[in-house]
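Structure first, commentary second.
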Amino acid sequence: MRSLTLVTGVAGFIGFHVARRLIDRGDHIIGLDNVNDYYDVRLKEARLAQLTALNGFQFVKLDLANRQGMKEFFSEYPIRRVVHLAAQAGVRYSLINPHAYTDSNIEGFMNILEGCRQVKTEHLVYASSSSVYGGNTHMPFSIHDNVDHPISLYAASKKANELMAHCYAHLYEIPCTGLRFFTVYGPWGRPDMALFLFTQAILEGRPIEVFNHGKMQRDFTYIDDIVEGVIRTLDHPAQPNPSWSSDKPDAGTSLAPARIYNIGNHQPVELLHFIEVLEGALGKKADMTLLPMQPGDVPATYADIDDLARDVGFSPSTSIEVGIPRFVEWYRSFYKV
């Protein structure tokens, strides 16, 4: 059997796109997902149907938090590289159901790390999040900044992943790269994300909830740019930084083969402008309910991507003027609106 790349969260938004791109270039992919009901399972099943129609794809339904199941899974398949995208996502949901985050993002990630140790993985690339920047207001967010002030449990779980991966890189020399994603959007996107919620509400003639009175800024990053960043990173296993100093420790690199990168569009967009572009793509005005900021949210995100550009030769560049109409076209087609 040819060696495999494992993509976890393969029925999810980013996992689906990454798996499809890897298969397109000839990689053999084993996809893992528990297909939970955090959002509409039919959308996850539709993504999986697209993948299972392709040669070079195999699907296993399994929960990351199932320790014995994960151990047996890694014993059974010749996995060489891992793209770990499965997680309990969402800042707001972490205020309602915190245990979902410790089960999936802590226990589940622990089982991934143990599996990688078991099979001596060539490279583990895992999803972190711009949420780890938490209380930081220094812009743009740099991987060399301190990120010890999370303001949601989701953010804390992602910071924990970075620390856990560093331990395994240090102890077992497993190359580990964490990718801090910045507000990802595009076709096949998640129904709990603003673009999906806004599109649905505007087309149905319902008001949309606009937090912080529309003054939020987000570094909206189009899915194709995220996928390109993930795959280029996967092809460049993390290397130790020989000039790393324990006297002045750099937060983004290490003497171990552990790296962190931001993947963002490095062009923050105000939410009101985002809605304006969406209105143009839909040909319909939004009825807005302006609300204060929600707990756990941050007013702005903005990615410094210099390290990503230098190390893997890629910078995201798709504007919302290009990306939003592509999402709307997919939405209308998929939901027959």
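Here, A, B, ... name the chains of the structure tokens in the order displayed, residue numbers run from 1 inside each chain, and ligands are numbered from 1 in the same displayed order.
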
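DSSP secondary structure from the backbone places His123, Leu124, Val125, Tyr126, Ala127, Ser128, Ser129, Phe141, Cys176, Thr177, Gly178, Leu179, Arg180, Phe181, Val184, Tyr185, Ile208, Glu209, Val210, Gln217, Arg218, Thr221 and Tyr222 of chain A of range 113-224 of chain A in strand (DSSP E or B).
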
Resulting file, chosen residues, N, CA and C atoms, as a short mmCIF file (atom, residue, chain, number, x, y, z; two decimals), in the first residue's frame:
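Full text of result.cif as output:
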```cif
data_model
loop_
_atom_site.label_atom_id
_atom_site.label_comp_id
_atom_site.auth_asym_id
_atom_site.auth_seq_id
_atom_site.Cartn_x
_atom_site.Cartn_y
_atom_site.Cartn_z
N HIS A 123 5.81 14.70 9.05
CA HIS A 123 5.43 16.10 9.32
C HIS A 123 3.98 16.13 9.80
N LEU A 124 3.73 16.84 10.89
CA LEU A 124 2.38 17.13 11.36
C LEU A 124 2.12 18.62 11.15
N VAL A 125 1.11 18.91 10.32
CA VAL A 125 0.64 20.29 10.16
C VAL A 125 -0.72 20.35 10.84
N TYR A 126 -0.92 21.30 11.74
CA TYR A 126 -2.18 21.35 12.48
C TYR A 126 -2.75 22.77 12.49
N ALA A 127 -4.07 22.83 12.61
CA ALA A 127 -4.76 24.12 12.62
C ALA A 127 -4.69 24.76 13.99
N SER A 128 -4.13 25.95 14.04
CA SER A 128 -4.29 26.81 15.20
C SER A 128 -5.29 27.90 14.77
N SER A 129 -5.24 29.05 15.38
CA SER A 129 -6.24 30.07 15.08
C SER A 129 -5.73 31.45 15.43
N PHE A 141 -0.77 41.16 13.89
CA PHE A 141 -0.41 40.08 14.80
C PHE A 141 0.79 39.33 14.24
N CYS A 176 6.62 19.60 13.58
CA CYS A 176 5.24 20.06 13.81
C CYS A 176 5.10 21.52 13.41
N THR A 177 4.12 21.81 12.57
CA THR A 177 3.87 23.19 12.15
C THR A 177 2.43 23.56 12.46
N GLY A 178 2.27 24.63 13.23
CA GLY A 178 0.93 25.14 13.56
C GLY A 178 0.59 26.32 12.66
N LEU A 179 -0.62 26.32 12.13
CA LEU A 179 -1.06 27.39 11.24
C LEU A 179 -2.20 28.17 11.90
N ARG A 180 -1.95 29.44 12.13
CA ARG A 180 -2.98 30.29 12.71
C ARG A 180 -3.82 30.88 11.58
N PHE A 181 -5.01 30.29 11.39
CA PHE A 181 -5.91 30.72 10.32
C PHE A 181 -6.64 31.99 10.74
N VAL A 184 -11.60 32.34 7.76
CA VAL A 184 -11.62 31.66 6.46
C VAL A 184 -13.05 31.66 5.91
N TYR A 185 -13.18 31.93 4.60
CA TYR A 185 -14.51 31.93 3.97
C TYR A 185 -14.38 31.42 2.54
N ILE A 208 -30.02 40.87 9.80
CA ILE A 208 -28.76 40.25 10.22
C ILE A 208 -28.25 40.95 11.48
N GLU A 209 -27.61 40.17 12.37
CA GLU A 209 -27.04 40.72 13.60
C GLU A 209 -25.61 41.16 13.33
N VAL A 210 -25.34 42.44 13.52
CA VAL A 210 -24.02 43.01 13.22
C VAL A 210 -23.42 43.50 14.54
N GLN A 217 -13.18 44.57 12.57
CA GLN A 217 -12.32 44.38 11.40
C GLN A 217 -11.81 42.95 11.40
N ARG A 218 -11.88 42.31 10.25
CA ARG A 218 -11.41 40.93 10.15
C ARG A 218 -10.50 40.78 8.93
N THR A 221 -9.91 35.61 4.86
CA THR A 221 -8.96 34.86 4.02
C THR A 221 -9.71 33.82 3.20
N TYR A 222 -9.56 33.91 1.89
CA TYR A 222 -10.31 33.04 0.97
C TYR A 222 -9.76 31.61 1.04
#
```

Quiz item: Hey, what's within 12 Å of range 333-336 of chain A if we count only C-alpha atoms and toss same-chain stuff fewer than 6 positions away? As a PyMOL selection string, please?
Solution: chain A and resi 42-43+46-47+187-189+196+199-200+203+326-327

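Remark: for Asn55 in chain A, the closest of the candidate residues A:Ala100, A:Ile30, A:Ile143, A:Met164 is A:Ile30 (distances computed over only C-alpha atoms).
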
Quiz item: Which parts of range 24-191 of chain A does DSSP call alpha helix (DSSP H) when run on the backbone here, written out as number ranges by chain?
Solution: A: 24, 41-52, 67-76, 93-96, 98-101, 108-119, 153-172

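Shortest atom-to-atom contact with Ala251 in chain A among A:Gln267, A:Asn146, A:Thr183, A:Ser319: A:Asn146, counting only C-alpha atoms.
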
Quiz item: Which residues, written as a ChimeraX atom specification, have at least one atom at most 12 Å from Leu272 in chain A, with only C-alpha atoms counted and residues fewer than 5 positions away on the same chain left out?
Solution: /A:194,198,208-218,277-279,286,288-290

Using all heavy atoms, can you write the selected residues to a file as a compact mmCIF listing (two decimals), in the first residue's frame?
```txt
# COMPACT_ATOMS: atom_id res chain seq x y z
N ALA A 194 -20.13 34.13 9.64
CA ALA A 194 -20.88 35.34 9.28
C ALA A 194 -21.35 35.34 7.83
O ALA A 194 -22.51 35.64 7.55
CB ALA A 194 -20.04 36.58 9.57
N PHE A 198 -25.20 35.61 7.02
CA PHE A 198 -25.67 36.85 6.39
C PHE A 198 -26.35 36.54 5.05
O PHE A 198 -27.42 37.08 4.75
CB PHE A 198 -24.50 37.82 6.15
CG PHE A 198 -23.93 38.45 7.40
CD1 PHE A 198 -22.78 39.23 7.32
CD2 PHE A 198 -24.52 38.26 8.64
CE1 PHE A 198 -22.24 39.82 8.46
CE2 PHE A 198 -23.98 38.85 9.79
CZ PHE A 198 -22.85 39.63 9.69
N ILE A 208 -30.02 40.87 9.80
CA ILE A 208 -28.76 40.25 10.22
C ILE A 208 -28.25 40.95 11.48
O ILE A 208 -28.44 42.14 11.66
CB ILE A 208 -27.68 40.27 9.11
CG1 ILE A 208 -27.32 41.71 8.69
CG2 ILE A 208 -28.13 39.46 7.90
CD1 ILE A 208 -26.14 41.80 7.72
N GLU A 209 -27.61 40.17 12.37
CA GLU A 209 -27.04 40.72 13.60
C GLU A 209 -25.61 41.16 13.33
O GLU A 209 -24.77 40.34 12.95
CB GLU A 209 -27.08 39.67 14.71
CG GLU A 209 -28.49 39.29 15.13
CD GLU A 209 -28.49 38.34 16.33
OE1 GLU A 209 -27.51 37.57 16.49
OE2 GLU A 209 -29.47 38.38 17.10
N VAL A 210 -25.34 42.44 13.52
CA VAL A 210 -24.02 43.01 13.22
C VAL A 210 -23.42 43.50 14.54
O VAL A 210 -23.88 44.49 15.12
CB VAL A 210 -24.14 44.15 12.20
CG1 VAL A 210 -22.76 44.73 11.88
CG2 VAL A 210 -24.81 43.66 10.92
N PHE A 211 -22.40 42.77 15.01
CA PHE A 211 -21.84 43.06 16.33
C PHE A 211 -20.83 44.22 16.28
O PHE A 211 -20.28 44.53 15.23
CB PHE A 211 -21.20 41.79 16.91
CG PHE A 211 -22.23 40.74 17.22
CD1 PHE A 211 -22.44 39.67 16.36
CD2 PHE A 211 -23.03 40.85 18.35
CE1 PHE A 211 -23.42 38.71 16.64
CE2 PHE A 211 -24.01 39.91 18.64
CZ PHE A 211 -24.21 38.83 17.78
N ASN A 212 -20.62 44.81 17.46
CA ASN A 212 -19.75 45.99 17.61
C ASN A 212 -20.18 47.09 16.64
O ASN A 212 -19.34 47.86 16.14
CB ASN A 212 -18.27 45.61 17.41
CG ASN A 212 -17.33 46.64 18.03
OD1 ASN A 212 -17.68 47.30 19.00
ND2 ASN A 212 -16.15 46.76 17.47
N HIS A 213 -21.49 47.14 16.35
CA HIS A 213 -22.08 48.16 15.48
C HIS A 213 -21.39 48.22 14.11
O HIS A 213 -21.30 49.29 13.49
CB HIS A 213 -22.05 49.54 16.17
CG HIS A 213 -22.72 49.51 17.51
ND1 HIS A 213 -24.09 49.53 17.67
CD2 HIS A 213 -22.21 49.40 18.77
CE1 HIS A 213 -24.39 49.45 18.96
NE2 HIS A 213 -23.27 49.37 19.65
N GLY A 214 -20.88 47.05 13.67
CA GLY A 214 -20.25 46.97 12.34
C GLY A 214 -18.82 47.43 12.30
O GLY A 214 -18.19 47.45 11.24
N LYS A 215 -18.28 47.81 13.47
CA LYS A 215 -16.90 48.35 13.48
C LYS A 215 -15.85 47.26 13.69
O LYS A 215 -14.68 47.56 13.89
CB LYS A 215 -16.77 49.44 14.54
CG LYS A 215 -17.59 50.69 14.18
CD LYS A 215 -17.36 51.83 15.13
CE LYS A 215 -17.93 53.13 14.61
NZ LYS A 215 -19.37 53.07 14.32
N MET A 216 -16.27 46.00 13.66
CA MET A 216 -15.30 44.90 13.70
C MET A 216 -14.45 44.94 12.43
O MET A 216 -14.96 45.27 11.36
CB MET A 216 -16.02 43.55 13.70
CG MET A 216 -17.07 43.40 14.75
SD MET A 216 -16.32 42.87 16.28
CE MET A 216 -16.79 41.17 16.26
N GLN A 217 -13.18 44.57 12.57
CA GLN A 217 -12.32 44.38 11.40
C GLN A 217 -11.81 42.95 11.40
O GLN A 217 -11.38 42.45 12.45
CB GLN A 217 -11.14 45.35 11.42
CG GLN A 217 -11.51 46.77 11.07
CD GLN A 217 -10.26 47.58 10.77
OE1 GLN A 217 -9.24 47.44 11.45
NE2 GLN A 217 -10.31 48.40 9.76
N ARG A 218 -11.88 42.31 10.25
CA ARG A 218 -11.41 40.93 10.15
C ARG A 218 -10.50 40.78 8.93
O ARG A 218 -10.73 41.39 7.89
CB ARG A 218 -12.59 39.95 10.01
CG ARG A 218 -13.40 39.75 11.30
CD ARG A 218 -12.59 38.98 12.33
NE ARG A 218 -13.31 38.79 13.59
CZ ARG A 218 -13.27 39.61 14.61
NH1 ARG A 218 -12.57 40.73 14.54
NH2 ARG A 218 -13.92 39.32 15.73
N VAL A 277 -20.18 44.55 0.11
CA VAL A 277 -19.76 43.71 -1.01
C VAL A 277 -20.72 42.52 -1.17
O VAL A 277 -21.08 42.15 -2.30
CB VAL A 277 -18.30 43.21 -0.83
CG1 VAL A 277 -17.91 42.22 -1.92
CG2 VAL A 277 -17.33 44.39 -0.82
N LEU A 278 -21.16 41.96 -0.06
CA LEU A 278 -22.13 40.86 -0.10
C LEU A 278 -23.45 41.31 -0.70
O LEU A 278 -24.05 40.61 -1.53
CB LEU A 278 -22.34 40.28 1.31
CG LEU A 278 -23.38 39.17 1.45
CD1 LEU A 278 -23.04 37.98 0.54
CD2 LEU A 278 -23.50 38.71 2.89
N GLU A 279 -23.92 42.50 -0.30
CA GLU A 279 -25.17 43.05 -0.86
C GLU A 279 -25.06 43.18 -2.38
O GLU A 279 -26.00 42.84 -3.11
CB GLU A 279 -25.47 44.42 -0.25
CG GLU A 279 -25.90 44.39 1.21
CD GLU A 279 -26.01 45.78 1.82
OE1 GLU A 279 -25.23 46.68 1.41
OE2 GLU A 279 -26.84 45.97 2.71
N ALA A 286 -29.21 44.53 2.90
CA ALA A 286 -29.37 43.86 4.19
C ALA A 286 -30.14 44.76 5.16
O ALA A 286 -29.96 45.98 5.17
CB ALA A 286 -27.99 43.56 4.77
N MET A 288 -30.08 45.51 8.84
CA MET A 288 -29.09 45.27 9.89
C MET A 288 -29.60 45.61 11.29
O MET A 288 -30.18 46.67 11.49
CB MET A 288 -27.82 46.08 9.61
CG MET A 288 -27.04 45.58 8.41
SD MET A 288 -25.47 46.44 8.22
CE MET A 288 -25.93 47.74 7.09
N THR A 289 -29.35 44.71 12.24
CA THR A 289 -29.56 44.99 13.66
C THR A 289 -28.19 45.19 14.28
O THR A 289 -27.40 44.24 14.39
CB THR A 289 -30.28 43.80 14.34
OG1 THR A 289 -31.49 43.52 13.65
CG2 THR A 289 -30.57 44.11 15.79
N LEU A 290 -27.88 46.43 14.65
CA LEU A 290 -26.55 46.75 15.19
C LEU A 290 -26.52 46.43 16.69
O LEU A 290 -27.37 46.90 17.44
CB LEU A 290 -26.20 48.22 14.93
CG LEU A 290 -26.17 48.64 13.45
CD1 LEU A 290 -25.87 50.13 13.31
CD2 LEU A 290 -25.14 47.83 12.67
```

Quiz item: Mind pulling up the distance from CA of Glu228 in chain A to CA of His17 in chain A?
Solution: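 Interatomic distance here is 10.0 Å.
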
Quiz item: Hey, can you check how far CA of Tyr39 in chain A sits from CA of Ile96 in chain A?
Solution: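 A separation of 14.9 Å between them.
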
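For the choices A:Phe13, A:Pro98, A:Asp306, A:Ile223, the atom-to-atom distance to Ala156 in chain A is smallest for A:Pro98 when using only C-alpha atoms.
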
Which residues of range 4-123 of chain A sit at most 12 Å from range 235-245 of chain A, using only C-alpha atoms? Give each one's shortest atom pair and distance in Å (one decimal place), in chain and ascending residue order, as CSV.
```
residue,atom,partner,partner_atom,distance
A:Thr5,CA,A:Asp235,CA,11.5
A:Leu22,CA,A:Asp235,CA,11.2
A:Asp27,CA,A:Asp235,CA,11.9
A:Arg80,CA,A:Pro237,CA,11.9
A:Arg81,CA,A:Asp235,CA,9.6
A:Val82,CA,A:Pro237,CA,11.1
A:Val83,CA,A:Asp235,CA,11.1
A:Thr121,CA,A:Pro237,CA,10.5
A:Glu122,CA,A:Pro237,CA,7.4
A:His123,CA,A:Pro237,CA,5.5
```

Write to file, as a compact mmCIF listing (two decimals), in the first residue's frame, the residues of the selection just made, with all heavy atoms.
```txt
# COMPACT_ATOMS: atom_id res chain seq x y z
N THR A 5 -1.37 10.30 3.30
CA THR A 5 -1.48 11.53 4.09
C THR A 5 -2.82 11.51 4.78
O THR A 5 -3.86 11.31 4.13
CB THR A 5 -1.36 12.78 3.18
OG1 THR A 5 -0.07 12.78 2.56
CG2 THR A 5 -1.51 14.06 4.00
N LEU A 22 -5.09 17.91 -2.55
CA LEU A 22 -4.03 16.90 -2.45
C LEU A 22 -4.30 15.72 -3.39
O LEU A 22 -3.39 15.21 -4.04
CB LEU A 22 -3.89 16.41 -1.01
CG LEU A 22 -3.23 17.38 -0.02
CD1 LEU A 22 -3.41 16.89 1.41
CD2 LEU A 22 -1.74 17.58 -0.33
N ASP A 27 -1.79 12.73 -4.55
CA ASP A 27 -1.54 12.14 -3.23
C ASP A 27 -2.65 11.15 -2.87
O ASP A 27 -3.79 11.30 -3.32
CB ASP A 27 -1.50 13.23 -2.16
CG ASP A 27 -0.27 14.13 -2.26
OD1 ASP A 27 0.34 14.16 -3.35
OD2 ASP A 27 0.07 14.81 -1.28
N ARG A 80 2.16 8.69 6.63
CA ARG A 80 3.46 9.36 6.63
C ARG A 80 3.36 10.82 7.07
O ARG A 80 4.24 11.35 7.71
CB ARG A 80 4.12 9.31 5.24
CG ARG A 80 4.45 7.96 4.69
CD ARG A 80 5.25 7.02 5.61
NE ARG A 80 6.27 7.63 6.43
CZ ARG A 80 6.47 7.31 7.71
NH1 ARG A 80 5.73 6.43 8.33
NH2 ARG A 80 7.43 7.89 8.39
N ARG A 81 2.27 11.47 6.63
CA ARG A 81 2.13 12.89 6.96
C ARG A 81 0.70 13.14 7.45
O ARG A 81 -0.22 12.43 7.06
CB ARG A 81 2.41 13.76 5.73
CG ARG A 81 3.79 13.48 5.14
CD ARG A 81 4.17 14.48 4.08
NE ARG A 81 3.20 14.54 3.00
CZ ARG A 81 3.26 15.43 2.00
NH1 ARG A 81 4.22 16.32 1.97
NH2 ARG A 81 2.37 15.43 1.04
N VAL A 82 0.54 14.13 8.31
CA VAL A 82 -0.76 14.40 8.91
C VAL A 82 -1.10 15.88 8.76
O VAL A 82 -0.28 16.75 9.09
CB VAL A 82 -0.77 14.03 10.42
CG1 VAL A 82 -2.11 14.40 11.06
CG2 VAL A 82 -0.47 12.55 10.61
N VAL A 83 -2.30 16.14 8.24
CA VAL A 83 -2.85 17.50 8.24
C VAL A 83 -4.04 17.45 9.20
O VAL A 83 -5.09 16.88 8.88
CB VAL A 83 -3.32 17.95 6.84
CG1 VAL A 83 -3.83 19.39 6.89
CG2 VAL A 83 -2.19 17.83 5.82
N THR A 121 5.84 10.05 12.23
CA THR A 121 5.34 10.90 11.15
C THR A 121 6.42 11.84 10.62
O THR A 121 7.20 12.40 11.38
CB THR A 121 4.16 11.76 11.69
OG1 THR A 121 3.20 10.88 12.26
CG2 THR A 121 3.51 12.56 10.61
N GLU A 122 6.42 12.01 9.29
CA GLU A 122 7.40 12.91 8.65
C GLU A 122 7.09 14.38 8.93
O GLU A 122 8.00 15.21 8.98
CB GLU A 122 7.39 12.68 7.14
CG GLU A 122 8.01 11.35 6.73
CD GLU A 122 7.70 11.00 5.27
OE1 GLU A 122 7.16 11.85 4.54
OE2 GLU A 122 8.02 9.86 4.88
N HIS A 123 5.81 14.70 9.05
CA HIS A 123 5.43 16.10 9.32
C HIS A 123 3.98 16.13 9.80
O HIS A 123 3.10 15.52 9.19
CB HIS A 123 5.57 16.94 8.05
CG HIS A 123 5.51 18.44 8.29
ND1 HIS A 123 5.34 19.35 7.26
CD2 HIS A 123 5.60 19.17 9.43
CE1 HIS A 123 5.34 20.57 7.77
NE2 HIS A 123 5.49 20.49 9.08
```

Quiz prompt | All residues 7 Å or closer to His28 in chain A, only C-alpha atoms, same chain fewer than 5 positions away omitted, as a count of residues only | solution = 5

Exercise. Considering only C-alpha atoms, return as a list in words whatever protein or nucleic-acid residues lie within 8 Å of Gly252 in chain A, sequence-local ones (same chain, fewer than 3 positions apart) excluded.
Key: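 Contacts, in chain order: Ile143, His144, Asp145, Arg259, Ile260 and Tyr261 of chain A.
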
Please produce a file of the residues just selected, as a PDB file, in the first residue's frame, where the atoms kept are N, CA, C and O atoms.
```pdb
ATOM      1  N   ILE A 143       3.743  36.191  14.743  1.00  0.00           N
ATOM      2  CA  ILE A 143       4.035  34.920  15.424  1.00  0.00           C
ATOM      3  C   ILE A 143       5.119  35.101  16.489  1.00  0.00           C
ATOM      4  O   ILE A 143       5.290  34.239  17.350  1.00  0.00           O
ATOM      5  N   HIS A 144       5.843  36.212  16.431  1.00  0.00           N
ATOM      6  CA  HIS A 144       6.916  36.459  17.408  1.00  0.00           C
ATOM      7  C   HIS A 144       6.381  37.175  18.661  1.00  0.00           C
ATOM      8  O   HIS A 144       7.120  37.403  19.602  1.00  0.00           O
ATOM      9  N   ASP A 145       5.072  37.529  18.645  1.00  0.00           N
ATOM     10  CA  ASP A 145       4.442  38.160  19.809  1.00  0.00           C
ATOM     11  C   ASP A 145       4.090  37.111  20.861  1.00  0.00           C
ATOM     12  O   ASP A 145       3.840  35.950  20.548  1.00  0.00           O
ATOM     13  N   ARG A 259       7.343  24.932  14.283  1.00  0.00           N
ATOM     14  CA  ARG A 259       7.125  26.264  13.714  1.00  0.00           C
ATOM     15  C   ARG A 259       5.667  26.668  13.848  1.00  0.00           C
ATOM     16  O   ARG A 259       4.779  25.827  13.919  1.00  0.00           O
ATOM     17  N   ILE A 260       5.448  27.973  13.812  1.00  0.00           N
ATOM     18  CA  ILE A 260       4.114  28.562  13.798  1.00  0.00           C
ATOM     19  C   ILE A 260       4.079  29.555  12.638  1.00  0.00           C
ATOM     20  O   ILE A 260       5.042  30.294  12.428  1.00  0.00           O
ATOM     21  N   TYR A 261       2.976  29.578  11.892  1.00  0.00           N
ATOM     22  CA  TYR A 261       2.784  30.596  10.852  1.00  0.00           C
ATOM     23  C   TYR A 261       1.376  31.159  10.926  1.00  0.00           C
ATOM     24  O   TYR A 261       0.429  30.450  11.269  1.00  0.00           O
TER      25      TYR A 261
END
```

Quiz item: Between CA of Leu153 in chain A and CA of Pro316 in chain A, what is the spacing in Å?
Solution: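 Answer for the CA of Pro316 in chain A to CA of Leu153 in chain A separation: 27.8 Å.
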